[in-house]
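Structure file upload24.cif (mmCIF, C-alpha atoms) is printed below.
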data_coords
#
loop_
_atom_site.label_atom_id
_atom_site.label_comp_id
_atom_site.auth_asym_id
_atom_site.auth_seq_id
_atom_site.Cartn_x
_atom_site.Cartn_y
_atom_site.Cartn_z
CA MET A 1 67.75 88.90 64.65
CA ASP A 2 70.24 90.05 67.27
CA THR A 3 69.49 89.16 70.86
CA GLU A 4 70.36 91.65 73.59
CA HIS A 5 71.82 90.61 76.91
CA PRO A 6 70.69 93.35 79.31
CA LYS A 7 72.27 91.59 82.30
CA ASN A 8 75.72 91.67 80.75
CA PRO A 9 76.79 95.31 80.53
CA ARG A 10 80.14 94.61 78.89
CA ARG A 11 80.72 97.19 76.20
CA SER A 12 82.31 96.61 72.81
CA SER A 13 85.03 99.09 73.73
CA GLY A 14 86.25 101.02 76.74
CA ARG A 15 87.14 100.08 80.30
CA VAL A 16 84.78 97.99 82.40
CA THR A 17 83.68 100.07 85.38
CA LEU A 18 82.67 99.38 88.95
CA ALA A 19 79.11 100.23 87.96
CA ASP A 20 79.21 97.54 85.26
CA VAL A 21 80.17 94.95 87.87
CA ALA A 22 77.42 96.19 90.20
CA THR A 23 74.81 95.92 87.44
CA LEU A 24 75.78 92.36 86.55
CA ALA A 25 75.91 91.32 90.20
CA GLY A 26 72.61 93.05 90.97
CA VAL A 27 74.03 95.15 93.81
CA SER A 28 75.04 98.77 94.35
CA PRO A 29 78.47 100.12 93.32
CA ILE A 30 79.16 100.87 96.99
CA THR A 31 78.64 97.20 97.85
CA VAL A 32 81.04 96.14 95.09
CA SER A 33 83.63 98.62 96.32
CA ARG A 34 83.26 97.36 99.88
CA ALA A 35 83.57 93.72 98.78
CA LEU A 36 86.77 94.41 96.82
CA LYS A 37 88.44 96.54 99.49
CA ARG A 38 87.20 94.74 102.61
CA PRO A 39 85.90 91.27 101.70
CA ASP A 40 85.33 90.51 105.37
CA MET A 41 82.57 93.13 105.48
CA VAL A 42 80.21 91.22 103.13
CA THR A 43 78.73 87.73 103.27
CA ASP A 44 80.43 84.82 101.55
CA LYS A 45 77.48 84.43 99.19
CA LEU A 46 77.57 88.08 98.15
CA ARG A 47 81.34 88.06 97.78
CA GLN A 48 81.20 85.02 95.51
CA LYS A 49 78.51 86.70 93.41
CA ILE A 50 80.61 89.82 92.99
CA ASP A 51 83.79 87.81 92.30
CA LYS A 52 81.95 85.98 89.54
CA ALA A 53 80.85 89.28 87.97
CA VAL A 54 84.41 90.63 88.19
CA LYS A 55 85.80 87.56 86.40
CA THR A 56 83.02 87.54 83.79
CA LEU A 57 83.65 91.16 82.84
CA GLY A 58 87.44 91.13 83.31
CA TYR A 59 87.14 94.10 85.63
CA ILE A 60 90.41 95.75 86.70
CA PRO A 61 90.20 98.26 89.57
CA ASN A 62 91.15 101.79 88.62
CA GLN A 63 94.12 102.21 90.92
CA ALA A 64 94.72 105.81 89.90
CA ALA A 65 91.18 106.82 90.82
CA ARG A 66 91.40 104.91 94.08
CA SER A 67 94.62 106.66 95.01
CA LEU A 68 93.03 110.07 94.46
CA VAL A 69 90.42 109.21 97.05
CA SER A 70 92.60 107.46 99.63
CA SER A 71 96.01 109.08 98.92
CA GLU A 72 97.32 105.50 98.71
CA THR A 73 98.17 103.32 95.75
CA LYS A 74 99.05 100.16 97.71
CA ILE A 75 102.12 99.93 95.47
CA ILE A 76 105.74 99.55 96.59
CA SER A 77 108.45 100.09 93.98
CA VAL A 78 111.44 97.73 94.16
CA LEU A 79 114.64 98.38 92.19
CA PHE A 80 117.18 95.54 91.85
CA PRO A 81 120.42 95.64 89.82
CA SER A 82 119.65 92.23 88.28
CA LEU A 83 116.57 90.05 87.94
CA SER A 84 118.55 86.97 86.90
CA ASN A 85 121.06 86.95 89.77
CA SER A 86 119.96 84.32 92.30
CA VAL A 87 121.33 86.48 95.12
CA PHE A 88 118.23 88.63 94.87
CA SER A 89 115.58 85.88 94.69
CA SER A 90 115.44 85.15 98.42
CA LEU A 91 115.55 88.89 99.17
CA LEU A 92 112.57 89.34 96.88
CA ASP A 93 110.74 86.46 98.56
CA GLY A 94 111.15 88.14 101.94
CA ILE A 95 109.75 91.40 100.58
CA TYR A 96 106.86 89.70 98.79
CA ASN A 97 105.88 87.51 101.74
CA THR A 98 105.63 90.58 103.96
CA LEU A 99 103.95 93.06 101.62
CA THR A 100 101.37 90.76 100.04
CA PRO A 101 99.44 89.84 103.23
CA ALA A 102 99.25 93.57 103.99
CA GLY A 103 97.51 94.20 100.67
CA TYR A 104 100.42 95.74 98.78
CA LYS A 105 101.66 95.06 95.26
CA MET A 106 105.23 95.36 94.01
CA LEU A 107 106.51 97.12 90.92
CA LEU A 108 109.85 95.43 90.23
CA THR A 109 112.46 96.75 87.83
CA ASN A 110 116.07 96.13 86.82
CA THR A 111 118.75 98.85 87.00
CA HIS A 112 121.49 96.70 85.36
CA TYR A 113 124.03 97.94 87.93
CA SER A 114 123.87 101.42 86.37
CA SER A 115 123.45 104.51 88.56
CA VAL A 116 122.31 106.49 85.51
CA GLN A 117 119.64 103.93 84.66
CA GLU A 118 118.69 103.69 88.33
CA GLU A 119 118.10 107.45 88.47
CA GLU A 120 115.88 107.31 85.38
CA LEU A 121 113.92 104.35 86.76
CA ILE A 122 113.43 106.09 90.10
CA GLU A 123 111.73 108.95 88.24
CA THR A 124 109.61 106.50 86.26
CA MET A 125 108.59 104.68 89.43
CA LEU A 126 107.73 107.90 91.23
CA GLU A 127 105.32 108.76 88.40
CA GLN A 128 103.27 105.74 89.54
CA ASN A 129 102.84 107.36 92.98
CA PRO A 130 104.13 104.41 95.01
CA ASP A 131 103.53 104.39 98.75
CA GLY A 132 107.18 103.42 99.32
CA MET A 133 110.36 102.33 97.59
CA ILE A 134 113.06 99.70 98.14
CA LEU A 135 116.47 100.29 96.53
CA THR A 136 119.58 98.13 96.30
CA GLY A 137 122.76 99.55 97.77
CA ILE A 138 123.71 102.96 99.12
CA ASP A 139 125.27 104.60 96.06
CA GLN A 140 122.40 106.42 94.41
CA SER A 141 123.29 109.59 92.52
CA ASP A 142 123.13 112.92 94.37
CA SER A 143 120.10 114.05 92.37
CA ALA A 144 118.27 110.76 92.96
CA ARG A 145 119.01 110.95 96.69
CA GLN A 146 117.71 114.51 96.90
CA ARG A 147 114.58 113.62 94.95
CA LEU A 148 113.82 110.70 97.24
CA MET A 149 114.50 112.69 100.40
CA ASN A 150 112.02 115.33 99.25
CA ILE A 151 109.26 113.06 97.93
CA GLY A 152 107.77 112.26 101.33
CA ILE A 153 107.49 108.46 101.06
CA PRO A 154 109.45 105.86 103.03
CA VAL A 155 112.57 104.62 101.22
CA VAL A 156 114.62 101.56 102.24
CA GLN A 157 118.14 100.87 100.97
CA VAL A 158 119.03 97.18 101.27
CA MET A 159 122.05 94.83 100.97
CA GLU A 160 124.57 97.07 102.70
CA LEU A 161 124.88 99.69 105.41
CA GLY A 162 126.08 103.26 105.06
CA ASP A 163 126.61 106.28 107.29
CA ASN A 164 124.13 108.52 105.49
CA PRO A 165 120.97 106.62 104.46
CA ILE A 166 118.24 108.32 102.45
CA ASP A 167 115.69 107.14 105.00
CA ILE A 168 115.95 103.53 106.25
CA ASN A 169 118.94 101.24 105.76
CA VAL A 170 118.75 97.43 106.12
CA GLY A 171 121.79 95.30 105.31
CA ILE A 172 125.33 94.38 106.29
CA SER A 173 128.77 95.93 106.15
CA GLN A 174 130.29 94.56 102.96
CA PHE A 175 133.68 95.80 104.15
CA ASP A 176 133.40 93.87 107.42
CA ALA A 177 132.29 90.72 105.59
CA GLY A 178 135.28 90.90 103.24
CA TYR A 179 137.56 91.50 106.20
CA ALA A 180 136.10 88.57 108.16
CA MET A 181 136.50 86.09 105.30
CA THR A 182 140.10 87.15 104.72
CA GLU A 183 140.83 86.79 108.43
CA HIS A 184 139.28 83.31 108.37
CA LEU A 185 141.75 82.29 105.65
CA ILE A 186 144.62 83.81 107.64
CA GLN A 187 143.56 81.88 110.74
CA LYS A 188 143.64 78.69 108.66
CA GLY A 189 147.35 79.33 108.18
CA HIS A 190 147.38 80.88 104.68
CA ARG A 191 149.83 83.73 104.07
CA HIS A 192 149.62 84.38 100.32
CA ILE A 193 145.93 85.10 99.81
CA GLY A 194 144.64 86.21 96.42
CA PHE A 195 141.41 87.96 95.47
CA ILE A 196 139.38 87.63 92.28
CA GLY A 197 136.31 89.72 91.45
CA ALA A 198 134.02 90.34 88.48
CA ARG A 199 131.65 93.15 87.56
CA MET A 200 133.21 95.14 90.43
CA ASP A 201 130.09 96.98 91.53
CA ASN A 202 130.33 99.06 94.70
CA ARG A 203 129.50 96.16 97.03
CA THR A 204 132.27 94.06 95.49
CA GLN A 205 134.65 97.01 95.81
CA ARG A 206 133.92 97.21 99.52
CA ARG A 207 134.57 93.47 99.96
CA LEU A 208 137.91 94.04 98.24
CA GLN A 209 138.67 96.93 100.62
CA GLY A 210 137.93 94.65 103.58
CA TYR A 211 140.25 91.99 102.13
CA ARG A 212 143.05 94.52 101.73
CA GLN A 213 142.66 95.90 105.23
CA ALA A 214 142.74 92.46 106.84
CA LEU A 215 145.99 91.67 105.05
CA ILE A 216 147.49 95.02 106.05
CA ASP A 217 146.51 94.46 109.68
CA HIS A 218 148.31 91.10 109.59
CA SER A 219 151.34 92.47 107.70
CA LEU A 220 150.65 90.28 104.66
CA PRO A 221 150.90 91.18 100.94
CA SER A 222 147.79 93.25 100.11
CA GLU A 223 148.24 94.61 96.59
CA ASP A 224 149.95 92.04 94.36
CA TYR A 225 147.49 89.14 94.47
CA ILE A 226 144.41 90.76 92.96
CA SER A 227 142.74 89.95 89.64
CA THR A 228 139.46 91.63 88.66
CA SER A 229 137.23 92.14 85.65
CA PHE A 230 134.26 94.37 84.87
CA ALA A 231 132.70 91.58 82.83
CA HIS A 232 129.66 89.67 84.05
CA THR A 233 130.30 87.17 86.81
CA SER A 234 130.22 83.50 85.77
CA PHE A 235 131.88 80.12 86.31
CA GLN A 236 134.04 80.80 83.26
CA ALA A 237 135.13 84.18 84.64
CA GLY A 238 136.11 82.49 87.90
CA ALA A 239 138.21 79.93 86.04
CA GLU A 240 139.94 82.54 83.89
CA LEU A 241 140.67 84.96 86.74
CA MET A 242 142.03 82.17 88.94
CA VAL A 243 144.33 80.88 86.19
CA LYS A 244 145.61 84.38 85.44
CA LEU A 245 146.36 85.12 89.08
CA VAL A 246 147.95 81.79 90.01
CA SER A 247 150.07 81.70 86.86
CA GLU A 248 151.48 85.12 87.73
CA HIS A 249 151.92 84.34 91.44
CA ASN A 250 152.43 80.62 91.99
CA GLN A 251 153.07 81.20 95.71
CA ILE A 252 149.37 81.94 96.29
CA ASP A 253 147.96 79.41 98.75
CA ALA A 254 144.40 80.73 99.16
CA LEU A 255 141.86 82.56 97.04
CA PHE A 256 139.00 84.81 98.19
CA CYS A 257 136.42 85.09 95.42
CA SER A 258 133.95 87.98 95.47
CA ASN A 259 131.02 85.60 94.95
CA ASP A 260 130.18 81.91 94.85
CA ASP A 261 129.89 81.69 91.05
CA LEU A 262 133.51 82.78 90.65
CA ALA A 263 134.58 80.43 93.45
CA ALA A 264 132.80 77.47 91.87
CA GLY A 265 134.41 78.24 88.51
CA ALA A 266 137.81 78.38 90.19
CA ILE A 267 137.22 74.99 91.85
CA PHE A 268 136.09 73.43 88.55
CA GLU A 269 139.23 74.72 86.85
CA CYS A 270 141.44 73.47 89.66
CA GLN A 271 139.93 70.01 89.24
CA ARG A 272 140.54 70.15 85.50
CA ARG A 273 144.19 71.12 86.05
CA GLY A 274 144.84 68.69 88.91
CA ILE A 275 145.24 71.41 91.55
CA LYS A 276 144.12 70.01 94.90
CA VAL A 277 141.62 72.10 96.87
CA PRO A 278 142.32 73.01 99.65
CA GLN A 279 145.70 71.23 99.97
CA GLN A 280 147.37 73.30 97.24
CA LEU A 281 144.90 76.15 96.94
CA ALA A 282 142.17 77.03 99.45
CA ILE A 283 139.13 78.73 97.92
CA ALA A 284 136.38 80.80 99.55
CA GLY A 285 133.34 82.55 98.11
CA PHE A 286 130.62 84.98 99.10
CA ASN A 287 126.79 84.80 99.40
CA ASP A 288 126.51 81.12 100.39
CA LEU A 289 124.34 80.18 97.43
CA GLU A 290 122.98 76.65 96.98
CA ILE A 291 126.00 75.62 94.93
CA ALA A 292 128.28 76.27 97.92
CA SER A 293 127.03 73.19 99.75
CA ALA A 294 126.49 71.12 96.58
CA ILE A 295 129.93 71.41 95.00
CA SER A 296 132.82 69.08 95.91
CA PRO A 297 134.73 70.06 97.91
CA ARG A 298 132.01 72.06 99.57
CA LEU A 299 132.66 75.78 99.43
CA THR A 300 133.51 78.04 102.36
CA SER A 301 131.41 81.18 101.98
CA VAL A 302 129.87 84.25 103.64
CA ALA A 303 126.20 83.70 104.47
CA ILE A 304 123.84 86.68 104.49
CA PRO A 305 120.22 86.35 105.71
CA ARG A 306 118.74 87.79 102.52
CA PHE A 307 115.19 86.53 103.15
CA GLU A 308 115.21 88.11 106.60
CA MET A 309 116.65 91.28 105.08
CA GLY A 310 113.73 91.45 102.65
CA GLN A 311 111.25 90.87 105.46
CA LYS A 312 112.74 93.60 107.62
CA ALA A 313 112.90 96.06 104.73
CA ALA A 314 109.25 95.49 103.86
CA GLN A 315 108.16 95.58 107.52
CA CYS A 316 109.94 98.91 108.01
CA LEU A 317 107.98 100.33 105.08
CA LEU A 318 104.72 99.07 106.53
CA ASP A 319 105.58 100.45 109.97
CA ARG A 320 106.44 103.84 108.55
CA LEU A 321 103.24 103.92 106.48
CA GLN A 322 101.28 103.20 109.68
CA ASP A 323 103.17 105.89 111.61
CA LYS A 324 104.96 103.30 113.73
CA PRO A 325 108.61 103.75 114.77
CA CYS A 326 111.31 102.08 112.69
CA PRO A 327 115.10 102.18 113.20
CA THR A 328 117.16 104.11 110.68
CA HIS A 329 119.81 101.38 110.55
CA ILE A 330 119.18 97.63 110.79
CA ASP A 331 122.23 95.37 110.62
CA VAL A 332 121.04 91.83 109.77
CA GLY A 333 124.56 90.46 110.21
CA PHE A 334 126.52 87.79 108.33
CA LYS A 335 128.44 84.67 109.21
CA ILE A 336 131.40 82.77 107.83
CA VAL A 337 130.37 79.23 106.86
CA PRO A 338 133.57 77.13 106.87
CA ARG A 339 133.55 74.05 104.63
CA GLU A 340 136.09 71.74 103.02
CA SER A 341 137.37 74.16 100.36
CA SER A 342 139.38 76.21 102.86
#
Would you mind giving the structure from this file in structure tokens?
Amino acid sequence: MDTEHPKNPRRSSGRVTLADVATLAGVSPITVSRALKRPDMVTDKLRQKIDKAVKTLGYIPNQAARSLVSSETKIISVLFPSLSNSVFSSLLDGIYNTLTPAGYKMLLTNTHYSSVQEEELIETMLEQNPDGMILTGIDQSDSARQRLMNIGIPVVQVMELGDNPIDINVGISQFDAGYAMTEHLIQKGHRHIGFIGARMDNRTQRRLQGYRQALIDHSLPSEDYISTSFAHTSFQAGAELMVKLVSEHNQIDALFCSNDDLAAGAIFECQRRGIKVPQQLAIAGFNDLEIASAISPRLTSVAIPRFEMGQKAAQCLLDRLQDKPCPTHIDVGFKIVPRESS
């Protein structure tokens, strides 16, 4: 004979509801709702009772229904060009550490450095009715920009600064950073400075523009010593690009790499070939990743406060959502970190 369990309202099919949790906990649905939204408004004993019922039933709040009532989803969409690139991990930590205590969740997705895919993902994200959005870079398509400007939610573009942000812009001038690193190498006495870059996304292109301008301003060769690839960045790519450039121009005495992975690969290859760094070839990178201070010789690089950038981007969203003022442009700055490689 089957035995009924009247105190456990879990159904054989269908979504567990707020009322189901209330029945199991022996309280009203309003009390359950209050405990989930504002735990501080109920006693510890009651909150524990409701939490136990939630876990027993596997209850998941109906966010769509909640948003209809409050006009909020408590969701922030975040679009990064890569989820494997360590450059974005500290940026993400800054965003997460700021949004989570405020009760927000992140929807994170990968655009694979494609403006077409980014546009499609923006539309997909907007279908989830996020309260705000964080995008990487300033080069969204015209249609995506117009859509975001008309949607009525705060939008933050991070990693670099531009003259015409969609809404809020938090980052650095990639051009200025490329210029500053090139000038550092010039000040160290180098006159034949090469550049290697991979993937060649828009931020890398602007670093290259800064490199060129610094050389022009110092009346140094600015076009001949460049080797780039649209392939993925890697240690191997750094080694291959360095070898190609130096073999074609053996007068090169310094190398500016568009990121630290390429720079590390170039250093490894120099060691394999017996090229002394920096005595025969100075090498500098970009992003100041962990490997920069771990490799030997330690790598000169451009440091960007990515965690702080994430914090500021998330805080701007929160301020805007609470009708507080927020600057349109926030320059988090960068610094040249000189080490033994240059």
Just want the 10 Å neighbourhood of Leu215 (chain A), counted on all atoms listed in the file, with same-chain residues fewer than 2 positions away dropped. Output as a VMD selection string.
chain A and resid 179 182 to 183 186 191 to 193 210 to 213 217 to 223
Can I get the selected residues back with C-alpha atoms, as a tab-separated table (two decimals), keeping the file's coordinate frame?
chain	number	residue	atom	x	y	z
A	179	TYR	CA	137.56	91.50	106.20
A	182	THR	CA	140.10	87.15	104.72
A	183	GLU	CA	140.83	86.79	108.43
A	186	ILE	CA	144.62	83.81	107.64
A	191	ARG	CA	149.83	83.73	104.07
A	192	HIS	CA	149.62	84.38	100.32
A	193	ILE	CA	145.93	85.10	99.81
A	210	GLY	CA	137.93	94.65	103.58
A	211	TYR	CA	140.25	91.99	102.13
A	212	ARG	CA	143.05	94.52	101.73
A	213	GLN	CA	142.66	95.90	105.23
A	217	ASP	CA	146.51	94.46	109.68
A	218	HIS	CA	148.31	91.10	109.59
A	219	SER	CA	151.34	92.47	107.70
A	220	LEU	CA	150.65	90.28	104.66
A	221	PRO	CA	150.90	91.18	100.94
A	222	SER	CA	147.79	93.25	100.11
A	223	GLU	CA	148.24	94.61	96.59
For a quick check of understanding, using all atoms listed in the file, which of A:Lys324, A:Val337, A:Met309, A:Gln236 has the smallest distance to Ala180 (chain A)?
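Closest to Ala180 (chain A) of all the choices is A:Val337.
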Return as a ChimeraX atom specification the set of residues that the PyMOL selection byres ((chain A and resi 170-177) around 6) yields on the displayed structure.
/A:158-161,169,178-180,206-207,210,330-333
Expected selection from the PyMOL selection byres ((chain A and resi 301-307) around 7), given as a list in words:
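Selected by the PyMOL selection byres ((chain A and resi 301-307) around 7) here: Ser90, Leu91, Asp93, Gly94, Ala284, Gly285, Phe286, Asn287, Asp288, Leu299, Thr300, Glu308, Met309, Gly310, Gln311, Val332, Gly333, Phe334, Lys335, Ile336, Val337 and Pro338 of chain A.
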May I have the selected residues written with C-alpha atoms, as a PDB file, keeping the file's coordinate frame?
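Once everything was written out, this is again.pdb:
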ATOM      1  CA  SER A  90     115.440  85.150  98.420  1.00  0.00           C
ATOM      2  CA  LEU A  91     115.550  88.890  99.170  1.00  0.00           C
ATOM      3  CA  ASP A  93     110.740  86.460  98.560  1.00  0.00           C
ATOM      4  CA  GLY A  94     111.150  88.140 101.940  1.00  0.00           C
ATOM      5  CA  ALA A 284     136.380  80.800  99.550  1.00  0.00           C
ATOM      6  CA  GLY A 285     133.340  82.550  98.110  1.00  0.00           C
ATOM      7  CA  PHE A 286     130.620  84.980  99.100  1.00  0.00           C
ATOM      8  CA  ASN A 287     126.790  84.800  99.400  1.00  0.00           C
ATOM      9  CA  ASP A 288     126.510  81.120 100.390  1.00  0.00           C
ATOM     10  CA  LEU A 299     132.660  75.780  99.430  1.00  0.00           C
ATOM     11  CA  THR A 300     133.510  78.040 102.360  1.00  0.00           C
ATOM     12  CA  GLU A 308     115.210  88.110 106.600  1.00  0.00           C
ATOM     13  CA  MET A 309     116.650  91.280 105.080  1.00  0.00           C
ATOM     14  CA  GLY A 310     113.730  91.450 102.650  1.00  0.00           C
ATOM     15  CA  GLN A 311     111.250  90.870 105.460  1.00  0.00           C
ATOM     16  CA  VAL A 332     121.040  91.830 109.770  1.00  0.00           C
ATOM     17  CA  GLY A 333     124.560  90.460 110.210  1.00  0.00           C
ATOM     18  CA  PHE A 334     126.520  87.790 108.330  1.00  0.00           C
ATOM     19  CA  LYS A 335     128.440  84.670 109.210  1.00  0.00           C
ATOM     20  CA  ILE A 336     131.400  82.770 107.830  1.00  0.00           C
ATOM     21  CA  VAL A 337     130.370  79.230 106.860  1.00  0.00           C
ATOM     22  CA  PRO A 338     133.570  77.130 106.870  1.00  0.00           C
TER      23      PRO A 338
END
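Closest approach to Leu126 (chain A) among A:Leu289, A:Ile295, A:Ala263, A:Ile153: A:Ile153, based on all atoms listed in the file.
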Residue with smallest distance to Thr228 (chain A) - pool A:Gly189, A:Pro278, A:Gly194, A:Pro29, counting all atoms listed in the file:
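Selected residue with least distance to Thr228 (chain A): A:Gly194.
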Would you translate the PyMOL selection byres ((chain A and resi 264) around 10) into the concrete set of residues it matches in this file, as a list in words?
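This file gives the following for the PyMOL selection byres ((chain A and resi 264) around 10): Ser234, Phe235, Gln236, Gly238, Ala239, Cys257, Asn259, Asp260, Asp261, Leu262, Ala263, Gly265, Ala266, Ile267, Phe268, Glu269, Cys270, Ile283, Ala284, Gly285, Ile291, Ala292, Ile295, Ser296, Pro297, Arg298 and Leu299 of chain A.
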Minimum-distance residue to Met106 (chain A), chosen among A:Ile50, A:Ala35, A:Leu135, A:Ile75 (using all atoms listed in the file)
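That would be A:Ile75, the residue with the smallest distance to Met106 (chain A).
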Interatomic distance between CA of Thr233 (chain A) and CA of Tyr96 (chain A)?
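Interatomic distance, CA of Thr233 (chain A) to CA of Tyr96 (chain A): 26.4 Å.
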Counting all atoms listed in the file, which of A:Glu119, A:Asp319, A:Asp142, A:Asp51 gets nearest to Ile168 (chain A)?
A:Asp319
Which neighbours of region 197-203 of chain A fall inside 6 Å, counting only C-alpha atoms, when residues of the same chain fewer than 4 positions from it are skipped, and could you give them as number ranges by chain?
A: 228-233, 258
Please dump the current selection as a PDB file, in the frame of the given file; keep C-alpha atoms.
ATOM      1  CA  THR A 228     139.460  91.630  88.660  1.00  0.00           C
ATOM      2  CA  SER A 229     137.230  92.140  85.650  1.00  0.00           C
ATOM      3  CA  PHE A 230     134.260  94.370  84.870  1.00  0.00           C
ATOM      4  CA  ALA A 231     132.700  91.580  82.830  1.00  0.00           C
ATOM      5  CA  HIS A 232     129.660  89.670  84.050  1.00  0.00           C
ATOM      6  CA  THR A 233     130.300  87.170  86.810  1.00  0.00           C
ATOM      7  CA  SER A 258     133.950  87.980  95.470  1.00  0.00           C
TER       8      SER A 258
END
Point-to-point distance from CA of Gln157 (chain A) to CA of Ile138 (chain A), Å rounded to tenths
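CA of Gln157 (chain A) sits 6.2 Å away from CA of Ile138 (chain A).
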Report, in Å to a single decimal, how far apart CA of Tyr113 (chain A) and CA of Gln146 (chain A) are.
19.9 Å
Identify which of the residues A:Leu99, A:Ile134, A:Met242, A:Val27 lies closest to Val42 (chain A), counting all atoms listed in the file when measuring atom-to-atom distances.
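For Val42 (chain A), the nearest of the given residues is A:Val27.
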List the residues sitting within 7 Å of (148.0, 76.5, 96.1) in the file's frame, using all atoms listed in the file, as a PyMOL selection string.
chain A and resi 251-254+279-282
Could the centre and edge lengths of an axis-aligned box, enclosing all atoms of region 81-93 of chain A in the file with 4 Å extra on each side, be given in Å to one decimal as AutoDock Vina command-line options?
--center_x 116.0 --center_y 90.0 --center_z 93.0 --size_x 18.6 --size_y 19.3 --size_z 20.3
Hey, can you pull every residue with an atom no more than 8 Å from (108.4, 101.0, 106.2), using all atoms listed in the file, and send it as a PyMOL selection string?
chain A and resi 132+154-156+168+313-321+326
Selection: 7 Å around region 82-89 of chain A, all atoms listed in the file, excl. self and same-chain fewer than 2 positions, as a short mmCIF file (atom, residue, chain, number, x, y, z; two decimals) with C-alpha atoms, keeping the file's coordinate frame:
data_model
loop_
_atom_site.label_atom_id
_atom_site.label_comp_id
_atom_site.auth_asym_id
_atom_site.auth_seq_id
_atom_site.Cartn_x
_atom_site.Cartn_y
_atom_site.Cartn_z
CA PHE A 80 117.18 95.54 91.85
CA LEU A 91 115.55 88.89 99.17
CA LEU A 92 112.57 89.34 96.88
CA ASP A 93 110.74 86.46 98.56
CA ASN A 110 116.07 96.13 86.82
CA THR A 111 118.75 98.85 87.00
CA HIS A 112 121.49 96.70 85.36
#
